[in-house]
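Here the structure is laid out as C-alpha cells; the discussion comes afterwards.
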Number of protein chains: 4
Amino acid sequence: MALRIGVVGTGVMGAAHADTLTREVGGAEVSVVTDIDLDRARATADRCGARVAEDAQALIHSDDVDAVLVVSHDSTHADLVIESIAAGKPVLCEKPLALTVEDCRRVVDAEKHAGRRLVSVGFSRRFDEATVRLRESVRSGAVGVPLLIHAAHRNVSTYPVGGSASSVHSSAIHEIDQIPWLLDSPIVEVSWHAPRSTALLPDRQDPQLILLRTADGVLSTVEVFVNATYGYEIRCEVVGERGTVSLAQPALVTTSHELARVQEIDADFRARFADAYRRELAAWVTSIRSGTYHPDLADAVDGLRASIAAHRIVEAIDLPGTTLDVAPGAADA
Amino acid sequence: MALRIGVVGTGVMGAAHADTLTREVGGAEVSVVTDIDLDRARATADRCGARVAEDAQALIHSDDVDAVLVVSHDSTHADLVIESIAAGKPVLCEKPLALTVEDCRRVVDAEKHAGRRLVSVGFSRRFDEATVRLRESVRSGAVGVPLLIHAAHRNVSTYPVGGSASSVHSSAIHEIDQIPWLLDSPIVEVSWHAPRSTALLPDRQDPQLILLRTADGVLSTVEVFVNATYGYEIRCEVVGERGTVSLAQPALVTTSHELARVQEIDADFRARFADAYRRELAAWVTSIRSGTYHPDLADAVDGLRASIAAHRIVEAIDLPGTTLDVAPGAADA
Amino acid sequence: MALRIGVVGTGVMGAAHADTLTREVGGAEVSVVTDIDLDRARATADRCGARVAEDAQALIHSDDVDAVLVVSHDSTHADLVIESIAAGKPVLCEKPLALTVEDCRRVVDAEKHAGRRLVSVGFSRRFDEATVRLRESVRSGAVGVPLLIHAAHRNVSTYPVGGSASSVHSSAIHEIDQIPWLLDSPIVEVSWHAPRSTALLPDRQDPQLILLRTADGVLSTVEVFVNATYGYEIRCEVVGERGTVSLAQPALVTTSHELARVQEIDADFRARFADAYRRELAAWVTSIRSGTYHPDLADAVDGLRASIAAHRIVEAIDLPGTTLDVAPGAADA
Amino acid sequence: MALRIGVVGTGVMGAAHADTLTREVGGAEVSVVTDIDLDRARATADRCGARVAEDAQALIHSDDVDAVLVVSHDSTHADLVIESIAAGKPVLCEKPLALTVEDCRRVVDAEKHAGRRLVSVGFSRRFDEATVRLRESVRSGAVGVPLLIHAAHRNVSTYPVGGSASSVHSSAIHEIDQIPWLLDSPIVEVSWHAPRSTALLPDRQDPQLILLRTADGVLSTVEVFVNATYGYEIRCEVVGERGTVSLAQPALVTTSHELARVQEIDADFRARFADAYRRELAAWVTSIRSGTYHPDLADAVDGLRASIAAHRIVEAIDLPGTTLDVAPGAADA
C-alpha cells in the first residue's frame, strides 16, 4: 500500500513538493491537501489526484492521511507539527521548525512526550548529491583535518521585507544546519559583520558576513547575499590540513559565442535543488515505510539547534564584530 | 490506479530499471518480473514487491501486467516486443530494438498492423538533461546553423567478445540515434576509420572513428572507444556558424591536494545516466497513463532507422575510409 | 654584444616580432628593418631604435645585421631565406617556408650546400607552454600509448580570398607540423572532408575536416574553421590507451552576471600566442649566440615536410573522402 | 644604450630576477651583482655576463650601475634603498620596503628630500595579467559597485620560524597592498581571527583569517595559509551589486586518467608569477628609460602604507576578533 500523505500549504513550495511526491517518489501518494486559499489547494489536488480538506486540523486527523507534510507559513509550523504529533502521525516540516527557540523547544518536548520519533525537518541540503559528496570527502580524510570553511549563499532577489534578521532565519539557516552536519560538531561561537551594503535592497544589510566557530575549532565564513541579482549560487569550500574540497558549480552545457565561453547560472533554489528535494522526500517516505529513519533526515533537535544559533546571530546584528557564544548543550536538556 | 508493469529480464540493467520504477517513478508499480534465471528474478521481485512469472510468455499475457518492459538479451527483443503488441500492451524495449534490420522491420509492421502506437525504444540519451539542453540550445539558434559535430563515447571496459561490429551495435548506437534527433535530420552517409588500436582489447578495433553525414549536410565525427580504461565519458560538441555548444562534463566536487585539482569521472553509464533512465521511465509511464506519447520517446521507426544506419556502418568496417550511403526513406515504406 | 637582427617585413606580424625582440628578449636588438612600404618600416624602426634599409637585399647583406628575420609576404620567403644563406647569416622564416614544395626543397638544398644549420622556421606552437606540456605529458606515458588525436583550429575570420587551399596552407599548417612533432612520427596518409559550409565565407569550404595518419598508426582529426566568428580557439586532445590529455582553454578571470558564468575567448592568435612568439624568438637568439640550436626550433626539413603534407591535403580537396598517401622519406633525400 | 642594473642579493629570488632581466627584458643588462655569499654572487654574475662587487656599498656607487635592484635580506632593505637614493639612482626594492613603519618612513623622507621619484617597491601582483584583468573588470562596472572581497593566499610550506606575525609580513602583505590598489581605497580597519590551526607548522597560527575594511566600506576576507601543503594558490573574488568576478586558476593541460580529471597546481610563487615578475621588471626598466613611471609600479608611499596596515594586523594577533582602526592618512604627512 502506498503511504498516503496530507500536504498542508500549496504555495510555490508546497505545490512543488506535492508534484514531486506524486510523480517522482514511489510508494507514496498525495491523498489530501489544504491551504488558506482553497482554490489554490484545489489546483494542486487536481494535479495529484487528491482531495481538498477544509483546514489543517481536518487534514491532520483525516483517516486517509498516514503522514503530514507541513509547507504552510513559517508562523504556523510549530502548532501544526505538534498537532500531527498529537495525532500520532509522522510529520515533515519545512525549515524553520518554528520562529522562536521556545516554539522549537515545545515541539521537541511534545515529541519526547509521544515517546517515539515522529518529526523531521526539511533541511534539504543534506540530500543534495554534491553536498553529500563534499561531506564524504571530508570524512574520508582526503584533505586532512578540516580547519576552515568558506561558504556563500546567494539569491537573485528576495521579498523586500523582513530586515536583516530575515536573511539569517530564511537563508543562512541552511548553512547553520549544514556546517555542523558536515563537521559533526556543533556551533559554539558566532559573530556578524557588515560589508558595504547593496543599494538595491533598502530594507536590510545585504550582503552579510557571518563567522561561525564549531566545537572542533573550525572557523567558517558564511556570506549571505539575498539580493545578489546575478544568479542563485551556493558555494562551500572546506580547507583542511592537506588540501581543500569544494562544491563544483553545476553546468549542463557550455556555449561559446561572441568571444565568450558561457555557462548558465540557476535562477533560483528550485532549479538548483530539485533533485535534493526529491531525495529528501523519498528518504522520508522510505523512513516511515521501513520504520528506520534515514540518518541524514534532520529531526526536531536539529531544528531546535539551528534555531538557537540563528537567534544568537540575530542578536549579533546589533553588535557588529562582536563574538557571542552559543551555549553548548543548549539543545539537549 | 498505478500502472502495473511487467519486467522481462532482471540482469544489471533490468534490475536497475525495476528499482527505479518502484522507488522513483510515481503512478507505476512493478507487478511481475521474469528472467531466464528465476532466482535472479526472485531477488528483484522481493525488492519491488512483485511476483515472479515462469517465463516471458506468461508475463506478457498476465492479467496483472498493463505494460511490458523488455530488458532481456538483445537477441530476444524483437519477438518479445511483437508478443506484447499481440497482447495489445504498451512495451518499452531497451536498445537495440532488434539485432537485424529485418527484425526491426517486423516490429514496425506488427505495430502498424495493430493500428496504434504501442512500442517505445530505450534511447535514454533523449532524456539526459544536459543532452536535452544541448538540443534546445542548437534549436534556439544560439550558435547559428549547425555545421559539424564532434562526439565521443568512451567506456572503461567492455565484454571482450563481439568484435568491432559490437562497438557499433552496443555503443555507437546511442550516437546514431542521438545525432539525427539533435539535428532533426536523418543520416545519409557513413564511413568508418581505424585509429591505432589499443593493445588492451584484443578482439576488435578500438577506438573506432565513424563519420556520419545527415541530410542537412552536417558532418559528425564519432569516436567510439569501449575500452578507454580511464573513465566513462560522453562528449558532444555542436559547431555552428556563430559559435559552439557542448556537453559540460558532470562534477559534484573539486578536490585539491598533492599539487593537483581533481574531479572524479564516472565509472559507468549507470552513474552518468541514472537520472536519464528515471526521466525516460517516467515519460513512458506518463505517456501510457495520459494516452499521449512524450515527443522524445523513441518509437519503432526510430529503432529501425538506427538499425539501418548501424548495419551500414558495420558493412563499412570492411571498407575502411570508404563512404557508404544510407538509403533515404529506407525506414519509411 | 647583443645579436643584431634585421627584420624583413613590418606588417602586423613583423612589427609585433620586432617589438617583442626589442622589449622582451635579452641579448638581441633590432638593428635594421625594411618593408615594401618604407613608411611602415620607419614606424617600426623608430619604435625599436633601428634604421631602415631600402630593400631586403640591402638588409640581408648589411654589416650591422647578424641574423635575419623574414616576416614578409609568403611568396618572398624562399628567395629571402636563400639569400640569407648565401650571406652566411642565420635566418628565422615565418611559416610557411615557401609556397611550393619545390621552393622548400631549394631552401633545404641551399642550406645543405652551405654545410651548416642556418635556417629556422616559425612554427611557434612548439613554444606554446601548454602545447609543450601536452607533449611532455604524452611522452611521460601518463595516458599510455597515443591512439587518436582530436584537434581544432578556429579563427574569428580570415581574408576572404584564397579559397579552400588557403585554409590548409595558412591555418592547418600549424597542426600539420605540430602533430608529427607531438608524436615524433611523420604523416603518411591524409584525407579531406567537407562538413556543411558556413554561409558567411563565400570563397571556400569552411569548416574543413582533415584526417591525418602518422607512421605510428595514430589517426588525427583536424577541424580547420577560419571564419568561426565566435573566437580564436586552438584545441588538441590526445587519446591514449590509458587516458586523455588536452590543452586547457586559457582564462584570466571568471565573471558571473546576468545568470551566466563567463570567460573571455581570445580574438586572435596574437593574444593567444604572444608568449609562444616571445619564447620562440628568445630560443632562436639563444641558439645563435650559444651555437647550439634549441631542439624544438623547426628547421628547413621540418618546413619542407609540412609543405609536402599540406600540398597533398590540397590535392585531396578535389577528392573528398579519399585517402592519399604521403610518400615516406619524401623530405629526406 | 642598455640600462645597467646592479643586483644586491643573489639568493633564489635575486638570481631569478637577474636571469629574467638578462634573458627576458629588452633594453637592460645586469652589469654588477653582489651578495653576502660572494660565491653565490659569482654564479649569477657568470650566467648574466656581469661582474661581482665586493659589497652593496661598492655596487650602489659603482660607475657601471645605472639603477639598483634590492633583493637582499628584508632587514637590509631600508638602508640599501636610502643609500641608492643618496647615490641618485633609481632603485627597485623587493617587498617589504622595510621591517618597521619607522624605517619605511625614513625611506619616504629620504626620497622626498631628494626631490624626485627614485623608489619602487616589488608588489608584483600589480603586474600579474589575471589580477590586472580583475581590476579592469571591477572598474568597468561589469559586476556593479564592489561590496565584498574573498581572498586566499596559500603556500605549500614556509620557513618554520617567524611565528604568526611572519605570515602577515611575508605573505598577507601582498593582499594588503593589492586590495586597496584593486579598489582605489585605503584600509581603515582590520581584525584577525584564528581558525583551527594545522598541526603541521608548530611555530604559529596557520591558517589565519584577516578581515580588512577599506574606506569605501568594502569588507575583505583574507585567508593566509602558509603551510597549506597541497599547492600554491592565490584566489580573489570581488562580489559586487550585480555580479562577481574572480581570478581563474591557471591550467595548461587537463589529464583524464584513473577515473579522475586532473589539472596541476603550481608548487610555488615563482611558477605562478614568473610572468608578473617579468612584466614588473620590464615596467621598471621602461619607466627609468622613458622618465615616466608606470602607474602600477608601487612607490615608497605604497610601501609605507602596506607596512602600517601590516603592523596593525600584527597588533591584532594578540586581540583575536577585535577590530582595530588604521589611521587614515597615516602614510601621508
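Residue names in the C-alpha cells use chain letters A, B, ... in the order shown, residue numbers from 1 in each chain, and ligand numbers from 1 in the order shown.
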Excluding Ile36 in chain C and its own-chain neighbours fewer than 4 positions away, which residues fall within 9 Å of it when counting only C-alpha atoms? Please give them as a count of residues only.
8
Output as a Markdown table one row per residue of chain D within 7 Å of chain A: the closest atom pair and its distance in Å to one decimal place, counting only C-alpha atoms, sorted by chain and residue number ascending.
```
| residue | atom | partner | partner_atom | distance |
| --- | --- | --- | --- | --- |
| D:Leu147 | CA | A:Arg196 | CA | 4.8 |
| D:Leu148 | CA | A:Pro195 | CA | 5.9 |
| D:Pro195 | CA | A:Leu219 | CA | 4.7 |
| D:Arg196 | CA | A:Gly217 | CA | 4.8 |
| D:Ser197 | CA | A:Leu147 | CA | 6.4 |
| D:Thr198 | CA | A:Glu241 | CA | 5.6 |
| D:Gly217 | CA | A:Arg196 | CA | 4.7 |
| D:Val218 | CA | A:Arg196 | CA | 4.9 |
| D:Leu219 | CA | A:Pro195 | CA | 4.7 |
| D:Ala228 | CA | A:Arg242 | CA | 6.3 |
| D:Thr229 | CA | A:Arg242 | CA | 5.6 |
| D:Tyr230 | CA | A:Gly243 | CA | 5.0 |
| D:Glu241 | CA | A:Thr198 | CA | 5.6 |
| D:Arg242 | CA | A:Thr229 | CA | 5.6 |
| D:Gly243 | CA | A:Tyr230 | CA | 5.0 |
```
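The coordinates place CA of Ser75 in chain B at 11.9 Å from CA of Cys93 in chain B.
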Taking 2 positions as the minimum chain separation for residues in the same chain, which residues sit within 12 Å of Lys89 in chain C when counting only C-alpha atoms? Answer as a PyMOL selection string.
chain C and resi 3-6+59-69+80-87+91-92+111+114+116-120+288
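What separates CA of Ala300 in chain A from CA of Gly14 in chain A is a distance of 20.1 Å.
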As a PyMOL selection string, list the residues of range 68-215 of chain C assigned to strand (DSSP E) by DSSP on the backbone atoms of this structure.
chain C and resi 68-70+91-94+119-122+146-154+187-193+208-214
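Interatomic distance, CA of Asp79 in chain D against CA of Val7 in chain D: 15.0 Å.
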Taking the DSSP secondary structure from the backbone, can you list the residues of range 121-241 of chain B that are helix (DSSP H, G or I), as a ChimeraX atom specification?
/B:124-127,129-140,163-183
Produce a file of the selected residues containing N, CA, C and O atoms, as a CSV table (one decimal), in the first residue's frame.
```
chain,number,residue,atom,x,y,z
B,124,SER,N,17.9,6.4,-24.2
B,124,SER,CA,17.8,7.2,-23.0
B,124,SER,C,18.5,8.5,-23.1
B,124,SER,O,18.2,9.4,-22.3
B,125,ARG,N,19.4,8.7,-24.0
B,125,ARG,CA,20.1,10.0,-24.1
B,125,ARG,C,19.1,11.1,-24.3
B,125,ARG,O,19.4,12.3,-23.9
B,126,ARG,N,18.0,10.8,-25.0
B,126,ARG,CA,17.0,11.8,-25.2
B,126,ARG,C,16.4,12.4,-24.0
B,126,ARG,O,15.6,13.3,-24.0
B,127,PHE,N,16.7,11.7,-22.8
B,127,PHE,CA,16.1,12.2,-21.6
B,127,PHE,C,17.2,12.6,-20.6
B,127,PHE,O,17.0,12.9,-19.5
B,129,GLU,N,19.4,15.3,-19.1
B,129,GLU,CA,19.1,16.8,-19.0
B,129,GLU,C,20.1,17.6,-19.8
B,129,GLU,O,19.7,18.6,-20.5
B,130,ALA,N,21.3,17.2,-19.8
B,130,ALA,CA,22.4,18.0,-20.5
B,130,ALA,C,22.2,17.9,-22.0
B,130,ALA,O,22.3,18.9,-22.7
B,131,THR,N,21.9,16.7,-22.4
B,131,THR,CA,21.7,16.5,-23.9
B,131,THR,C,20.4,17.2,-24.4
B,131,THR,O,20.4,17.8,-25.5
B,132,VAL,N,19.4,17.2,-23.6
B,132,VAL,CA,18.2,18.0,-23.9
B,132,VAL,C,18.5,19.5,-24.0
B,132,VAL,O,18.1,20.2,-24.9
B,133,ARG,N,19.3,20.0,-23.1
B,133,ARG,CA,19.7,21.4,-23.1
B,133,ARG,C,20.5,21.7,-24.3
B,133,ARG,O,20.4,22.7,-24.9
B,134,LEU,N,21.4,20.7,-24.7
B,134,LEU,CA,22.2,20.9,-25.9
B,134,LEU,C,21.3,21.1,-27.1
B,134,LEU,O,21.5,22.0,-27.9
B,135,ARG,N,20.3,20.2,-27.2
B,135,ARG,CA,19.4,20.3,-28.3
B,135,ARG,C,18.6,21.6,-28.3
B,135,ARG,O,18.5,22.2,-29.4
B,136,GLU,N,18.2,22.0,-27.2
B,136,GLU,CA,17.4,23.3,-27.1
B,136,GLU,C,18.3,24.4,-27.5
B,136,GLU,O,17.9,25.3,-28.2
B,137,SER,N,19.6,24.3,-27.1
B,137,SER,CA,20.5,25.4,-27.4
B,137,SER,C,20.7,25.5,-28.9
B,137,SER,O,20.7,26.6,-29.5
B,138,VAL,N,20.9,24.3,-29.6
B,138,VAL,CA,21.1,24.3,-31.0
B,138,VAL,C,19.8,24.9,-31.7
B,138,VAL,O,19.9,25.7,-32.6
B,139,ARG,N,18.7,24.5,-31.2
B,139,ARG,CA,17.4,24.9,-31.9
B,139,ARG,C,17.1,26.4,-31.6
B,139,ARG,O,16.4,27.1,-32.4
B,140,SER,N,17.7,26.9,-30.5
B,140,SER,CA,17.5,28.3,-30.2
B,140,SER,C,18.2,29.2,-31.2
B,140,SER,O,18.0,30.4,-31.2
B,163,GLY,N,33.6,-8.4,-31.2
B,163,GLY,CA,34.3,-7.9,-32.3
B,163,GLY,C,34.0,-6.4,-32.6
B,163,GLY,O,33.2,-5.8,-31.8
B,164,SER,N,34.5,-5.9,-33.7
B,164,SER,CA,34.4,-4.5,-34.0
B,164,SER,C,32.9,-4.1,-34.2
B,164,SER,O,32.5,-3.0,-33.8
B,165,ALA,N,32.1,-5.0,-34.7
B,165,ALA,CA,30.7,-4.7,-35.0
B,165,ALA,C,30.0,-4.4,-33.7
B,165,ALA,O,29.1,-3.6,-33.6
B,166,SER,N,30.4,-5.1,-32.7
B,166,SER,CA,29.7,-4.9,-31.4
B,166,SER,C,29.8,-3.5,-30.8
B,166,SER,O,28.9,-3.0,-30.2
B,167,SER,N,31.0,-2.9,-31.1
B,167,SER,CA,31.1,-1.5,-30.6
B,167,SER,C,30.1,-0.6,-31.3
B,167,SER,O,29.6,0.4,-30.7
B,168,VAL,N,29.7,-0.9,-32.5
B,168,VAL,CA,28.7,-0.1,-33.3
B,168,VAL,C,27.4,-0.4,-32.7
B,168,VAL,O,26.6,0.5,-32.4
B,169,HIS,N,27.0,-1.7,-32.6
B,169,HIS,CA,25.6,-2.1,-32.2
B,169,HIS,C,25.3,-1.7,-30.8
B,169,HIS,O,24.2,-1.4,-30.4
B,170,SER,N,26.3,-1.8,-29.9
B,170,SER,CA,26.0,-1.7,-28.5
B,170,SER,C,26.3,-0.2,-28.0
B,170,SER,O,25.7,0.2,-27.1
B,171,SER,N,27.4,0.4,-28.6
B,171,SER,CA,27.8,1.7,-28.0
B,171,SER,C,27.4,2.8,-29.0
B,171,SER,O,26.6,3.7,-28.6
B,172,ALA,N,27.9,2.8,-30.2
B,172,ALA,CA,27.7,3.9,-31.2
B,172,ALA,C,26.2,4.1,-31.5
B,172,ALA,O,25.8,5.1,-31.9
B,173,ILE,N,25.4,3.0,-31.2
B,173,ILE,CA,24.0,3.1,-31.5
B,173,ILE,C,23.4,4.3,-30.8
B,173,ILE,O,22.4,4.9,-31.4
B,174,HIS,N,23.9,4.7,-29.7
B,174,HIS,CA,23.3,5.9,-29.0
B,174,HIS,C,23.5,7.1,-29.8
B,174,HIS,O,22.7,8.0,-30.0
B,175,GLU,N,24.8,7.3,-30.3
B,175,GLU,CA,25.1,8.5,-31.1
B,175,GLU,C,24.3,8.4,-32.5
B,175,GLU,O,23.9,9.4,-33.0
B,176,ILE,N,24.1,7.2,-33.0
B,176,ILE,CA,23.4,7.0,-34.3
B,176,ILE,C,22.0,7.5,-34.1
B,176,ILE,O,21.4,8.0,-35.1
B,177,ASP,N,21.4,7.3,-33.0
B,177,ASP,CA,20.1,7.8,-32.7
B,177,ASP,C,20.1,9.3,-32.4
B,177,ASP,O,19.2,10.0,-32.8
B,178,GLN,N,21.1,9.6,-31.5
B,178,GLN,CA,21.0,11.0,-30.9
B,178,GLN,C,21.3,12.1,-31.9
B,178,GLN,O,20.7,13.2,-31.9
B,179,ILE,N,22.2,11.9,-32.8
B,179,ILE,CA,22.6,13.0,-33.8
B,179,ILE,C,21.5,13.3,-34.7
B,179,ILE,O,21.2,14.5,-34.8
B,180,PRO,N,20.8,12.4,-35.3
B,180,PRO,CA,19.6,12.8,-36.1
B,180,PRO,C,18.5,13.5,-35.3
B,180,PRO,O,17.9,14.4,-35.7
B,181,TRP,N,18.4,13.0,-34.1
B,181,TRP,CA,17.4,13.6,-33.2
B,181,TRP,C,17.8,15.0,-32.8
B,181,TRP,O,16.9,16.0,-32.8
B,182,LEU,N,19.1,15.2,-32.6
B,182,LEU,CA,19.6,16.6,-32.2
B,182,LEU,C,19.4,17.5,-33.4
B,182,LEU,O,19.1,18.7,-33.2
B,183,LEU,N,19.6,17.1,-34.6
B,183,LEU,CA,19.6,17.9,-35.8
B,183,LEU,C,18.2,17.9,-36.5
B,183,LEU,O,18.0,18.7,-37.4
```
Would you mind listing what lies within 12 Å of Glu280 in chain A as an NGL selection string, with only C-alpha atoms counted and same-chain residues fewer than 5 positions away left out?
(:A and (17 or 20-21 or 24-25 or 92-94 or 120-129 or 273-275 or 285-287 or 293-298)) or (:B and (24))
